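The structure appears below as structure tokens.
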Number of protein chains: 4
Amino acid sequence: MNLLDGFFRSPAVEPFFTDKAAVQSILDFEAALARAEARAGIIPQDSAAAISASCRAELFDLPGLAEAVPRSGNLAIPLLKQLTSVVAHTSQDAVRHVHYGATSQDALDTGVVLQLRSATRAIQKDLDGIIVSLANLTSTHRKTLMLARTWLQPALPTTFGFITAGWLDACVRHRERLPRLVQDSLVLQFGGAVGTLAALGERGAQIAALLAEELALPFPRIPWHSQRERIAEVAAVYGLLAGTFSKIARDISLHTQTEAGELSEPSAADRGGSSTMPQKQNPVACAAILATTLRVPGLVGTVLSGMEGEYQRSLGPWQSEWETVPEIVRLTAGASHQFTALLPRLVVNSDRMRANLELTHGLIYAEAVTFALSKKLERSTAHKLVEEACRCARSERRHLHEVLSTNAEVSAVLDTKSLGELFEPANYLGSAEAFLEAVLTEVHSRFESPKSIARG
Amino acid sequence: MNLLDGFFRSPAVEPFFTDKAAVQSILDFEAALARAEARAGIIPQDSAAAISASCRAELFDLPGLAEAVPRSGNLAIPLLKQLTSVVAHTSQDAVRHVHYGATSQDALDTGVVLQLRSATRAIQKDLDGIIVSLANLTSTHRKTLMLARTWLQPALPTTFGFITAGWLDACVRHRERLPRLVQDSLVLQFGGAVGTLAALGERGAQIAALLAEELALPFPRIPWHSQRERIAEVAAVYGLLAGTFSKIARDISLHTQTEAGELSEPSAADRGGSSTMPQKQNPVACAAILATTLRVPGLVGTVLSGMEGEYQRSLGPWQSEWETVPEIVRLTAGASHQFTALLPRLVVNSDRMRANLELTHGLIYAEAVTFALSKKLERSTAHKLVEEACRCARSERRHLHEVLSTNAEVSAVLDTKSLGELFEPANYLGSAEAFLEAVLTEVHSRFESPKSIARG
Amino acid sequence: MNLLDGFFRSPAVEPFFTDKAAVQSILDFEAALARAEARAGIIPQDSAAAISASCRAELFDLPGLAEAVPRSGNLAIPLLKQLTSVVAHTSQDAVRHVHYGATSQDALDTGVVLQLRSATRAIQKDLDGIIVSLANLTSTHRKTLMLARTWLQPALPTTFGFITAGWLDACVRHRERLPRLVQDSLVLQFGGAVGTLAALGERGAQIAALLAEELALPFPRIPWHSQRERIAEVAAVYGLLAGTFSKIARDISLHTQTEAGELSEPSAADRGGSSTMPQKQNPVACAAILATTLRVPGLVGTVLSGMEGEYQRSLGPWQSEWETVPEIVRLTAGASHQFTALLPRLVVNSDRMRANLELTHGLIYAEAVTFALSKKLERSTAHKLVEEACRCARSERRHLHEVLSTNAEVSAVLDTKSLGELFEPANYLGSAEAFLEAVLTEVHSRFESPKSIARG
Amino acid sequence: MNLLDGFFRSPAVEPFFTDKAAVQSILDFEAALARAEARAGIIPQDSAAAISASCRAELFDLPGLAEAVPRSGNLAIPLLKQLTSVVAHTSQDAVRHVHYGATSQDALDTGVVLQLRSATRAIQKDLDGIIVSLANLTSTHRKTLMLARTWLQPALPTTFGFITAGWLDACVRHRERLPRLVQDSLVLQFGGAVGTLAALGERGAQIAALLAEELALPFPRIPWHSQRERIAEVAAVYGLLAGTFSKIARDISLHTQTEAGELSEPSAADRGGSSTMPQKQNPVACAAILATTLRVPGLVGTVLSGMEGEYQRSLGPWQSEWETVPEIVRLTAGASHQFTALLPRLVVNSDRMRANLELTHGLIYAEAVTFALSKKLERSTAHKLVEEACRCARSERRHLHEVLSTNAEVSAVLDTKSLGELFEPANYLGSAEAFLEAVLTEVHSRFESPKSIARG
């Protein structure tokens, strides 16, 4: 583990992206290939058994591989040399059946697909947890009144549950994207040197199908070695997920400002302190999420740029994916890991939420008053009347309610009680709860164990 | 039309992104809102009629809008002022029902959704044409032998049809993505000032449903004004499409090199000349496509970065989408427009394709020989033997066939005829045709009028 | 002017990037070339005069150019055809001397260099104004106490002048970069078809020098048509400037939050309102700046990606610069234009700044107390003692001063007066004023008319 | 070393970016701070000595740091805890003087500056070597005739030396940028918690100056902790360098195509082979360079995006630099490392260069002929005549020289000898050599040991 991995990455996903895991994924491809070819009668069962048994990463010399990569230009070539040696210890005859009919890119592409599949499943689990946490917050806070803000300025009343329902809905949509990604984009690559499986004669397609079965991977219509939209889609879908994570963390961090004081990260003895200021309790989880997600868009751009690879195997663009695609997934997983820990412990200060509604001394009810007045008055008359009252409230530092109470035009059409009710935040929530319920219903209908999610 | 629009953009899509079209889209929202609210009995039918009738872009003062935008901070606000004036000419009473219960962002977001839907439908049509062209090339050239190249170097024989089948398959997959994008991501935005539709009291969700109906847009569970993953998905999906376009254009441009001479753009009197070199016939379409698609990844990154918008309406990130998202679509459409014209006229020089197979003096058959030998010899023995023969052929500038013919070890296991057959490109195509057929079958099964696509 | 240009772009810079201006820049190149060649005796003076006289954009048919660009692949080729016709009206003989020895790229590259030079000079002027405004704020507010915040949380006291001095210093550094950019990167491009000026025989370098003189452009050692680091440096330097603008606007927008209330944009009748909420005064200038600057990094990435252009003129990468580089400059100019208007009118609420220092009930003085105590106590003892007092102050909602006053360990080493002084923000500003003065001194020494900048 | 480090990164630079090196850089800051403060009399000499002696990375528990980082939110905080323990073993009294008056960011920012300075110096050395190699190629091949290509199509004759002179010139310009970057952007960061050095009272600026002296770093006017344009400039300058590297590698890789055969990477036993095709000699160095440099633009975009950091220390943006900025430098160094090995061994096939001049059967001399004819004929007449001859040569597959020889209009104005001379590539090089010499002269004047660079 590198020094900053704990900040940027996830313990749930890192194991799939170690050097050893990369090697093992390639070996998994080679072992499955041997088994598939044995099933097809292309190579002997004994060879397949010998190859399969040799495909264990712990038998391989990783520093030796690292040393050879710059000369060979990829990881698979020196790895296959080592595999040949390892197999030779068991069966000299099996040597000729190692990597039979395949090319390096088959092993590397399918290898990374296997890594991405494992990682995606782990992230799905994280996302399930995040959805449960957000559903709980939504359910619990469906009536917790607070300020909605637009352009960083107070706008209208809302509820905290309605805000989290928006985050939740985005996460639910991402949760639908991941299995589709696994199904559509994380598929077998097997085409031989140029995609034709020439070395396997007429048996290529059949062996490919068996190989897909061995690896439990979908089998594409045609090898995709030089069409990178599948890999780029992985990058893009994680880019979308990271974007949603950045939005949620941005919001939490703003609500956490001392000036707002509406949310806070859970405090702990050695968490978020300063090397010099003893009072500090920095929102470390949000910082980690925002730092992590800020890095993803540029990486997605890199992968999209790399789609322009030349001919049947490109010179540069393909290779530029090798560290970039895993990095996108690892960083997004880092953010998801932070949320998994943060959301169930998020401190919600509903008193401050309620109190902040008064921050503008009633100005946030201007829209409500305008709509009430415009039922009786010309709308533009109403708008100007309220606008003027707002200006007056601001300059005289009075409450808008008070300003309007003493306005004859207002009194003429709104009685005291009606006017007062317009300044009740709970009266001005529109369809918030209906929308919120629609999201919760979707969550409940979608998840197998709904009991982990509180119902209203 | 700006000077370079013809190079970078598409006449099929530009009409949806003019200033006037942007204004009309917002007006379409406002008209539909009025109709929906009249249907719900929230505003009088007369008002809805007056508003609807006023929602025609030609009635509006665009320079006046342009002048007001920097102060108001968005296009909707001054547009609504103008709309109010226009409506007032018809019905003073209807004025109060303009934009009733909505916020600027509802109009702007839904407006852009309508523009994106129109553009996406136009691009789908382009893509259909591209698919037909590629299917025709694939079908026609299923047996056109040529060189496959990896790392910019000759690798093995393939067919031109197999290469185009790879491009085609990617396009078919994109063709599936677009309707899904329309369905999932191009949906109604209607939430009022902060997403709650507060101004509509308890009727908000009902009116939203009617409004969605009026605009024939899907109705989301909850307003998405501050969750931008839908818009970002539009950017991402177009980024993937642009990436595939860049790949195809990159390949065509390389095959077009005089040194390869395998493909060329159709020549025309004033096409692709030089201001100073009379012999020049530059591949202008490929240049336009590559220039266009190179610009998309950075823009997609911008949209992903902007997902981190604050609170219920952001300060900067949302606004950064306004020109960026349309630009992504326009540029991708520009590339698709170029292909639509280029592909049916692409000049395929199958003689040069055939001739270039001999470029390496037989070295591209090295794999075939190795596989043939390794049925009799140890595989590493075979590989080394052929590697050595390749070295010898290279240094002595002899044909590999000739070198191997005079090699006793080879002659011991391969007779003259068998060896000769290994140097026949048509004998070393593996499953190319099977894969190609799988793609064509998919195309035929998917498209309504398959007769436009030649069958083999 | 497009609808959103006023929001994203600058009236001071837009005139340099209209279609007409682009055409004129190319014509300026052609006119200067003719004059230079006449001076060298390569073409007759009469021809040069005829060509020069024809090089006025208003004589050209821009829609005709737009129509021809997609076929010719660049703007210069059809423009030269039109120029030839225009010249032919004056002098049939001069026709043969049009564009003599040059290639399209010479005209296009030098043309854009001329546009970029004009724009850069205009932006320098904006930046001078911004520097003056920031120097004034710095000077005026050198003693205006306020909260410094880290991780979005209150940290220590500072002054508003010290904060603006940081912004100012960055702007001064950018102001040094711009002339260097003009000198090093905005230089003549003149190389003929492939950089050798072959058509001019042995006179090429001489004519190039004269041409540089005519255009008052630096003359590079060797044509740079296929080495794009100069153009990419323009993109990068503007990217840095946009980055600093984004930082300043981000800070202002946060200080403008109602919860902080420390700064506000000047209010005006029709500025920053909402289509539905009468109380709204949105910080429109900051939104425009942030929206604009958010778009620049992706575009800079595009230009860097395009540096990988093939051979002596690339197919795609070069063309991808055409709209991207101007866009970077235009967007950055848009931000600079917003600041030019905003900064002199920025409303500074020093009362709220002062008041917010009390937001943490003394916790921001924890560091000061720790340093005072650690002169007498073990440092870790001091740190723990203060940390514990902070915790106590937080949980009991008491002022840290009060908590510490009643602590015996503290009283043992700090008398009441000394402790009280530690809670005076003005006593804990360290070198703020010294640093601030260093920046102001730099500003005064650098600018010719220092009187526009207030002195302390 | 990770598995792919040898492919993407440089052994000359990696040592500066290990975890241990990061820790040591922070410790170097802390040791220098203690010494500076002792010199200023702020802390005792004994403390400084004890602290200095403890600042050795090998005394620290790196896994322990990694484990603590996610909680503390940065590396400096747990590192300072460990440093305190280490110091305590030597001197309990010195403990209170550890990190005296500084903040984490001071240590982290200055630490990374020290790393970047070391790396930049190493890369300067690489770049010197690259410049020598390119100067040698330029000098050696100043008369090596070959094809210049534009839009991937043959254009005119040029020399290989002229082409490399263009690459060389760009490298010389980058070589000027690096020391300027070190001087302007790699400067001390020391500001305490919020930039004011409050904890050091009035002594802050003085100690900062001594600290800068201790570390041999320039001393900025004002702390730059929250103005990130210096760090972003590092990213940008390396982005430009990477861009030039991508251009050179792109060109080499194209010249290396079998179809062109003009350049090749040196072959070696285990270099650039295939796992299945025995004939393969892939250009591995170019692939590594292109893969590496393709990754840089997106990362530069990330750093530019991160400039928008909030207030006096940002939440996310600053932290996003931590891995990104080193990665940009490491990847660029990887490319420079590849070039350092490749360029002195680049195989130049001047026979193929010469032969390829005939690829177009004389069409590349069309411009030369046109210019010769237009001295006698109307220019448009000449252009049309030659254009027509080109068309004829193409369709009849004849040499342009032959076509023109039999054209009466041509014969009327050009005698056989003159026409023949126009088809001599050496006669149509214009100022190529003059430009080339200008670049070589610059190289010779700039470098201390010019003898390593061959003179013409």
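Identifiers in the structure tokens: chain A, B, ... in order shown; residue index from 1 per chain; ligand index from 1 in order shown.
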
Within 9 Å of Thr332 of chain A using only C-alpha atoms, minus same-chain residues under 2 positions, as a PDB file with all heavy atoms, in the first residue's frame:
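As a result, result00.pdb now contains:
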ATOM      1  N   PHE A   8      -7.011   7.971  -1.101  1.00  0.00           N
ATOM      2  CA  PHE A   8      -7.604   8.051  -2.428  1.00  0.00           C
ATOM      3  C   PHE A   8      -8.292   6.764  -2.879  1.00  0.00           C
ATOM      4  O   PHE A   8      -9.014   6.776  -3.860  1.00  0.00           O
ATOM      5  CB  PHE A   8      -6.522   8.364  -3.476  1.00  0.00           C
ATOM      6  CG  PHE A   8      -6.028   9.782  -3.456  1.00  0.00           C
ATOM      7  CD1 PHE A   8      -4.723  10.079  -3.100  1.00  0.00           C
ATOM      8  CD2 PHE A   8      -6.876  10.826  -3.795  1.00  0.00           C
ATOM      9  CE1 PHE A   8      -4.265  11.387  -3.091  1.00  0.00           C
ATOM     10  CE2 PHE A   8      -6.420  12.133  -3.794  1.00  0.00           C
ATOM     11  CZ  PHE A   8      -5.105  12.419  -3.441  1.00  0.00           C
ATOM     12  N   ARG A   9      -8.015   5.664  -2.216  1.00  0.00           N
ATOM     13  CA  ARG A   9      -8.461   4.397  -2.781  1.00  0.00           C
ATOM     14  C   ARG A   9      -9.207   3.551  -1.752  1.00  0.00           C
ATOM     15  O   ARG A   9      -9.384   3.984  -0.629  1.00  0.00           O
ATOM     16  CB  ARG A   9      -7.250   3.675  -3.386  1.00  0.00           C
ATOM     17  CG  ARG A   9      -6.647   4.515  -4.521  1.00  0.00           C
ATOM     18  CD  ARG A   9      -5.500   3.897  -5.248  1.00  0.00           C
ATOM     19  NE  ARG A   9      -5.046   4.826  -6.287  1.00  0.00           N
ATOM     20  CZ  ARG A   9      -4.226   5.858  -6.082  1.00  0.00           C
ATOM     21  NH1 ARG A   9      -3.718   6.082  -4.884  1.00  0.00           N
ATOM     22  NH2 ARG A   9      -3.900   6.663  -7.074  1.00  0.00           N
ATOM     23  N   SER A  10      -9.636   2.376  -2.175  1.00  0.00           N
ATOM     24  CA  SER A  10     -10.524   1.582  -1.334  1.00  0.00           C
ATOM     25  C   SER A  10      -9.942   0.213  -1.025  1.00  0.00           C
ATOM     26  O   SER A  10      -9.542  -0.512  -1.942  1.00  0.00           O
ATOM     27  CB  SER A  10     -11.852   1.397  -2.073  1.00  0.00           C
ATOM     28  OG  SER A  10     -12.569   0.327  -1.523  1.00  0.00           O
ATOM     29  N   ILE A 123     -17.815  -2.619  -5.962  1.00  0.00           N
ATOM     30  CA  ILE A 123     -18.348  -1.257  -5.900  1.00  0.00           C
ATOM     31  C   ILE A 123     -19.878  -1.292  -5.862  1.00  0.00           C
ATOM     32  O   ILE A 123     -20.510  -0.476  -5.188  1.00  0.00           O
ATOM     33  CB  ILE A 123     -17.810  -0.426  -7.080  1.00  0.00           C
ATOM     34  CG1 ILE A 123     -16.298  -0.219  -6.886  1.00  0.00           C
ATOM     35  CG2 ILE A 123     -18.517   0.920  -7.187  1.00  0.00           C
ATOM     36  CD1 ILE A 123     -15.571   0.294  -8.100  1.00  0.00           C
ATOM     37  N   TYR A 238     -17.962   5.048 -14.881  1.00  0.00           N
ATOM     38  CA  TYR A 238     -17.351   5.406 -13.595  1.00  0.00           C
ATOM     39  C   TYR A 238     -17.194   6.926 -13.480  1.00  0.00           C
ATOM     40  O   TYR A 238     -17.293   7.482 -12.377  1.00  0.00           O
ATOM     41  CB  TYR A 238     -16.031   4.665 -13.392  1.00  0.00           C
ATOM     42  CG  TYR A 238     -16.276   3.277 -12.836  1.00  0.00           C
ATOM     43  CD1 TYR A 238     -16.286   2.158 -13.654  1.00  0.00           C
ATOM     44  CD2 TYR A 238     -16.571   3.106 -11.488  1.00  0.00           C
ATOM     45  CE1 TYR A 238     -16.553   0.894 -13.149  1.00  0.00           C
ATOM     46  CE2 TYR A 238     -16.841   1.856 -10.963  1.00  0.00           C
ATOM     47  CZ  TYR A 238     -16.834   0.743 -11.802  1.00  0.00           C
ATOM     48  OH  TYR A 238     -17.110  -0.485 -11.289  1.00  0.00           O
ATOM     49  N   GLY A 239     -16.963   7.576 -14.593  1.00  0.00           N
ATOM     50  CA  GLY A 239     -16.888   9.040 -14.559  1.00  0.00           C
ATOM     51  C   GLY A 239     -18.203   9.655 -14.090  1.00  0.00           C
ATOM     52  O   GLY A 239     -18.213  10.607 -13.304  1.00  0.00           O
ATOM     53  N   LEU A 241     -20.424   8.156 -12.184  1.00  0.00           N
ATOM     54  CA  LEU A 241     -20.582   7.824 -10.762  1.00  0.00           C
ATOM     55  C   LEU A 241     -19.732   8.762  -9.906  1.00  0.00           C
ATOM     56  O   LEU A 241     -20.196   9.308  -8.897  1.00  0.00           O
ATOM     57  CB  LEU A 241     -20.179   6.351 -10.547  1.00  0.00           C
ATOM     58  CG  LEU A 241     -20.274   5.794  -9.129  1.00  0.00           C
ATOM     59  CD1 LEU A 241     -21.652   6.009  -8.522  1.00  0.00           C
ATOM     60  CD2 LEU A 241     -19.941   4.300  -9.132  1.00  0.00           C
ATOM     61  N   ALA A 242     -18.484   8.957 -10.332  1.00  0.00           N
ATOM     62  CA  ALA A 242     -17.611   9.870  -9.592  1.00  0.00           C
ATOM     63  C   ALA A 242     -18.207  11.270  -9.555  1.00  0.00           C
ATOM     64  O   ALA A 242     -18.114  11.982  -8.546  1.00  0.00           O
ATOM     65  CB  ALA A 242     -16.223   9.895 -10.225  1.00  0.00           C
ATOM     66  N   PHE A 245     -20.771  11.387  -6.900  1.00  0.00           N
ATOM     67  CA  PHE A 245     -20.094  11.416  -5.592  1.00  0.00           C
ATOM     68  C   PHE A 245     -19.559  12.824  -5.296  1.00  0.00           C
ATOM     69  O   PHE A 245     -19.629  13.312  -4.166  1.00  0.00           O
ATOM     70  CB  PHE A 245     -18.940  10.404  -5.567  1.00  0.00           C
ATOM     71  CG  PHE A 245     -19.396   8.966  -5.464  1.00  0.00           C
ATOM     72  CD1 PHE A 245     -18.537   7.925  -5.848  1.00  0.00           C
ATOM     73  CD2 PHE A 245     -20.652   8.624  -4.983  1.00  0.00           C
ATOM     74  CE1 PHE A 245     -18.933   6.598  -5.742  1.00  0.00           C
ATOM     75  CE2 PHE A 245     -21.061   7.288  -4.875  1.00  0.00           C
ATOM     76  CZ  PHE A 245     -20.193   6.274  -5.256  1.00  0.00           C
ATOM     77  N   ILE A 289     -13.029  12.590  -0.778  1.00  0.00           N
ATOM     78  CA  ILE A 289     -13.937  12.316  -1.899  1.00  0.00           C
ATOM     79  C   ILE A 289     -13.773  13.366  -2.992  1.00  0.00           C
ATOM     80  O   ILE A 289     -13.683  13.036  -4.179  1.00  0.00           O
ATOM     81  CB  ILE A 289     -15.399  12.277  -1.399  1.00  0.00           C
ATOM     82  CG1 ILE A 289     -15.600  11.100  -0.444  1.00  0.00           C
ATOM     83  CG2 ILE A 289     -16.373  12.190  -2.581  1.00  0.00           C
ATOM     84  CD1 ILE A 289     -16.870  11.173   0.381  1.00  0.00           C
ATOM     85  N   THR A 292     -10.502  13.028  -4.801  1.00  0.00           N
ATOM     86  CA  THR A 292     -10.505  11.825  -5.623  1.00  0.00           C
ATOM     87  C   THR A 292     -11.319  12.033  -6.888  1.00  0.00           C
ATOM     88  O   THR A 292     -10.863  11.747  -7.998  1.00  0.00           O
ATOM     89  CB  THR A 292     -11.103  10.668  -4.787  1.00  0.00           C
ATOM     90  OG1 THR A 292     -10.277  10.506  -3.636  1.00  0.00           O
ATOM     91  CG2 THR A 292     -11.161   9.398  -5.567  1.00  0.00           C
ATOM     92  N   THR A 293     -12.519  12.537  -6.707  1.00  0.00           N
ATOM     93  CA  THR A 293     -13.420  12.658  -7.860  1.00  0.00           C
ATOM     94  C   THR A 293     -12.972  13.762  -8.814  1.00  0.00           C
ATOM     95  O   THR A 293     -13.233  13.677 -10.015  1.00  0.00           O
ATOM     96  CB  THR A 293     -14.864  12.922  -7.400  1.00  0.00           C
ATOM     97  OG1 THR A 293     -14.881  14.065  -6.532  1.00  0.00           O
ATOM     98  CG2 THR A 293     -15.408  11.726  -6.649  1.00  0.00           C
ATOM     99  N   VAL A 296     -10.979  12.326 -11.729  1.00  0.00           N
ATOM    100  CA  VAL A 296     -11.532  11.371 -12.690  1.00  0.00           C
ATOM    101  C   VAL A 296     -11.817  11.962 -14.074  1.00  0.00           C
ATOM    102  O   VAL A 296     -11.489  11.335 -15.093  1.00  0.00           O
ATOM    103  CB  VAL A 296     -12.778  10.663 -12.081  1.00  0.00           C
ATOM    104  CG1 VAL A 296     -13.486   9.811 -13.120  1.00  0.00           C
ATOM    105  CG2 VAL A 296     -12.357   9.814 -10.877  1.00  0.00           C
ATOM    106  N   GLU A 327      -7.109   3.094 -12.825  1.00  0.00           N
ATOM    107  CA  GLU A 327      -7.047   4.255 -11.930  1.00  0.00           C
ATOM    108  C   GLU A 327      -8.421   4.912 -11.782  1.00  0.00           C
ATOM    109  O   GLU A 327      -8.804   5.310 -10.678  1.00  0.00           O
ATOM    110  CB  GLU A 327      -6.035   5.266 -12.501  1.00  0.00           C
ATOM    111  CG  GLU A 327      -5.758   6.461 -11.622  1.00  0.00           C
ATOM    112  CD  GLU A 327      -4.947   6.141 -10.380  1.00  0.00           C
ATOM    113  OE1 GLU A 327      -5.078   5.026  -9.823  1.00  0.00           O
ATOM    114  OE2 GLU A 327      -4.182   7.022  -9.943  1.00  0.00           O
ATOM    115  N   ILE A 328      -9.161   5.018 -12.860  1.00  0.00           N
ATOM    116  CA  ILE A 328     -10.510   5.598 -12.786  1.00  0.00           C
ATOM    117  C   ILE A 328     -11.376   4.796 -11.817  1.00  0.00           C
ATOM    118  O   ILE A 328     -12.073   5.352 -10.966  1.00  0.00           O
ATOM    119  CB  ILE A 328     -11.164   5.623 -14.191  1.00  0.00           C
ATOM    120  CG1 ILE A 328     -10.470   6.649 -15.076  1.00  0.00           C
ATOM    121  CG2 ILE A 328     -12.663   5.906 -14.109  1.00  0.00           C
ATOM    122  CD1 ILE A 328     -10.845   6.554 -16.551  1.00  0.00           C
ATOM    123  N   VAL A 329     -11.303   3.475 -11.946  1.00  0.00           N
ATOM    124  CA  VAL A 329     -12.121   2.621 -11.086  1.00  0.00           C
ATOM    125  C   VAL A 329     -11.640   2.705  -9.641  1.00  0.00           C
ATOM    126  O   VAL A 329     -12.447   2.805  -8.702  1.00  0.00           O
ATOM    127  CB  VAL A 329     -12.090   1.168 -11.604  1.00  0.00           C
ATOM    128  CG1 VAL A 329     -12.857   0.243 -10.677  1.00  0.00           C
ATOM    129  CG2 VAL A 329     -12.652   1.115 -13.022  1.00  0.00           C
ATOM    130  N   ARG A 330     -10.323   2.692  -9.461  1.00  0.00           N
ATOM    131  CA  ARG A 330      -9.780   2.740  -8.097  1.00  0.00           C
ATOM    132  C   ARG A 330     -10.141   4.045  -7.397  1.00  0.00           C
ATOM    133  O   ARG A 330     -10.496   4.052  -6.213  1.00  0.00           O
ATOM    134  CB  ARG A 330      -8.261   2.564  -8.123  1.00  0.00           C
ATOM    135  CG  ARG A 330      -7.836   1.178  -8.599  1.00  0.00           C
ATOM    136  CD  ARG A 330      -6.346   1.140  -8.918  1.00  0.00           C
ATOM    137  NE  ARG A 330      -5.561   1.286  -7.711  1.00  0.00           N
ATOM    138  CZ  ARG A 330      -4.238   1.549  -7.706  1.00  0.00           C
ATOM    139  NH1 ARG A 330      -3.579   1.705  -8.863  1.00  0.00           N
ATOM    140  NH2 ARG A 330      -3.589   1.669  -6.576  1.00  0.00           N
ATOM    141  N   GLY A 334     -12.457   4.624  -4.259  1.00  0.00           N
ATOM    142  CA  GLY A 334     -11.985   5.349  -3.080  1.00  0.00           C
ATOM    143  C   GLY A 334     -13.080   6.265  -2.545  1.00  0.00           C
ATOM    144  O   GLY A 334     -13.354   6.292  -1.332  1.00  0.00           O
ATOM    145  N   ALA A 335     -13.725   6.973  -3.447  1.00  0.00           N
ATOM    146  CA  ALA A 335     -14.809   7.860  -3.021  1.00  0.00           C
ATOM    147  C   ALA A 335     -15.959   7.045  -2.437  1.00  0.00           C
ATOM    148  O   ALA A 335     -16.547   7.407  -1.412  1.00  0.00           O
ATOM    149  CB  ALA A 335     -15.290   8.700  -4.199  1.00  0.00           C
ATOM    150  N   SER A 336     -16.270   5.935  -3.089  1.00  0.00           N
ATOM    151  CA  SER A 336     -17.396   5.133  -2.600  1.00  0.00           C
ATOM    152  C   SER A 336     -17.071   4.542  -1.222  1.00  0.00           C
ATOM    153  O   SER A 336     -17.927   4.464  -0.346  1.00  0.00           O
ATOM    154  CB  SER A 336     -17.760   4.068  -3.640  1.00  0.00           C
ATOM    155  OG  SER A 336     -17.490   2.774  -3.206  1.00  0.00           O
ATOM    156  N   HIS A 337     -15.819   4.180  -1.031  1.00  0.00           N
ATOM    157  CA  HIS A 337     -15.404   3.670   0.282  1.00  0.00           C
ATOM    158  C   HIS A 337     -15.579   4.738   1.360  1.00  0.00           C
ATOM    159  O   HIS A 337     -16.058   4.455   2.473  1.00  0.00           O
ATOM    160  CB  HIS A 337     -13.942   3.223   0.201  1.00  0.00           C
ATOM    161  CG  HIS A 337     -13.364   2.822   1.504  1.00  0.00           C
ATOM    162  ND1 HIS A 337     -13.794   1.727   2.203  1.00  0.00           N
ATOM    163  CD2 HIS A 337     -12.389   3.390   2.258  1.00  0.00           C
ATOM    164  CE1 HIS A 337     -13.098   1.623   3.337  1.00  0.00           C
ATOM    165  NE2 HIS A 337     -12.251   2.621   3.390  1.00  0.00           N
TER     166      HIS A 337
END

(Q) Taking 4 positions as the minimum chain separation for residues in the same chain, which residues sit within 12 Å of Asp415 of chain A when counting only C-alpha atoms? Answer as a PyMOL selection string. (A) chain A and resi 372-373+404-411+419-422

Q: Enumerate as number ranges by chain all residues of segment 100-165 of chain A assigned to helix (DSSP H, G or I) by DSSP on the backbone, naming them with the chain letters and numbers the document uses.
A: A: 104-140, 160-165

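Within 7 Å of Asp106 of chain C, once only C-alpha atoms are used and residues closer than 3 positions along the same chain are dropped, the contacting residues are Ala102, Thr103, Asp109, Thr110, Gln189, Phe190, Gly191 and Gly192 of chain C.
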
Q.
Applying 9 Å and only C-alpha atoms, which residues near segment 68-79 of chain B remain after dropping the ones on its own chain fewer than 6 positions away? List them as a PyMOL selection string.
A. (chain B and resi 23+26-27+60-62+103-105+107-108+319) or (chain C and resi 3-8+268+270-275+282-285+287-288)

Q) Restricting the calculation to only C-alpha atoms, which member of A:Arg230, A:Arg149, A:Arg203, A:Arg177 is positioned closest to chain C? A) A:Arg149

Q.
Quick check, in Å to one decimal: how far apart do atom CA of Thr18 of chain C and atom CA of Leu65 of chain B lie?
A. 19.8 Å
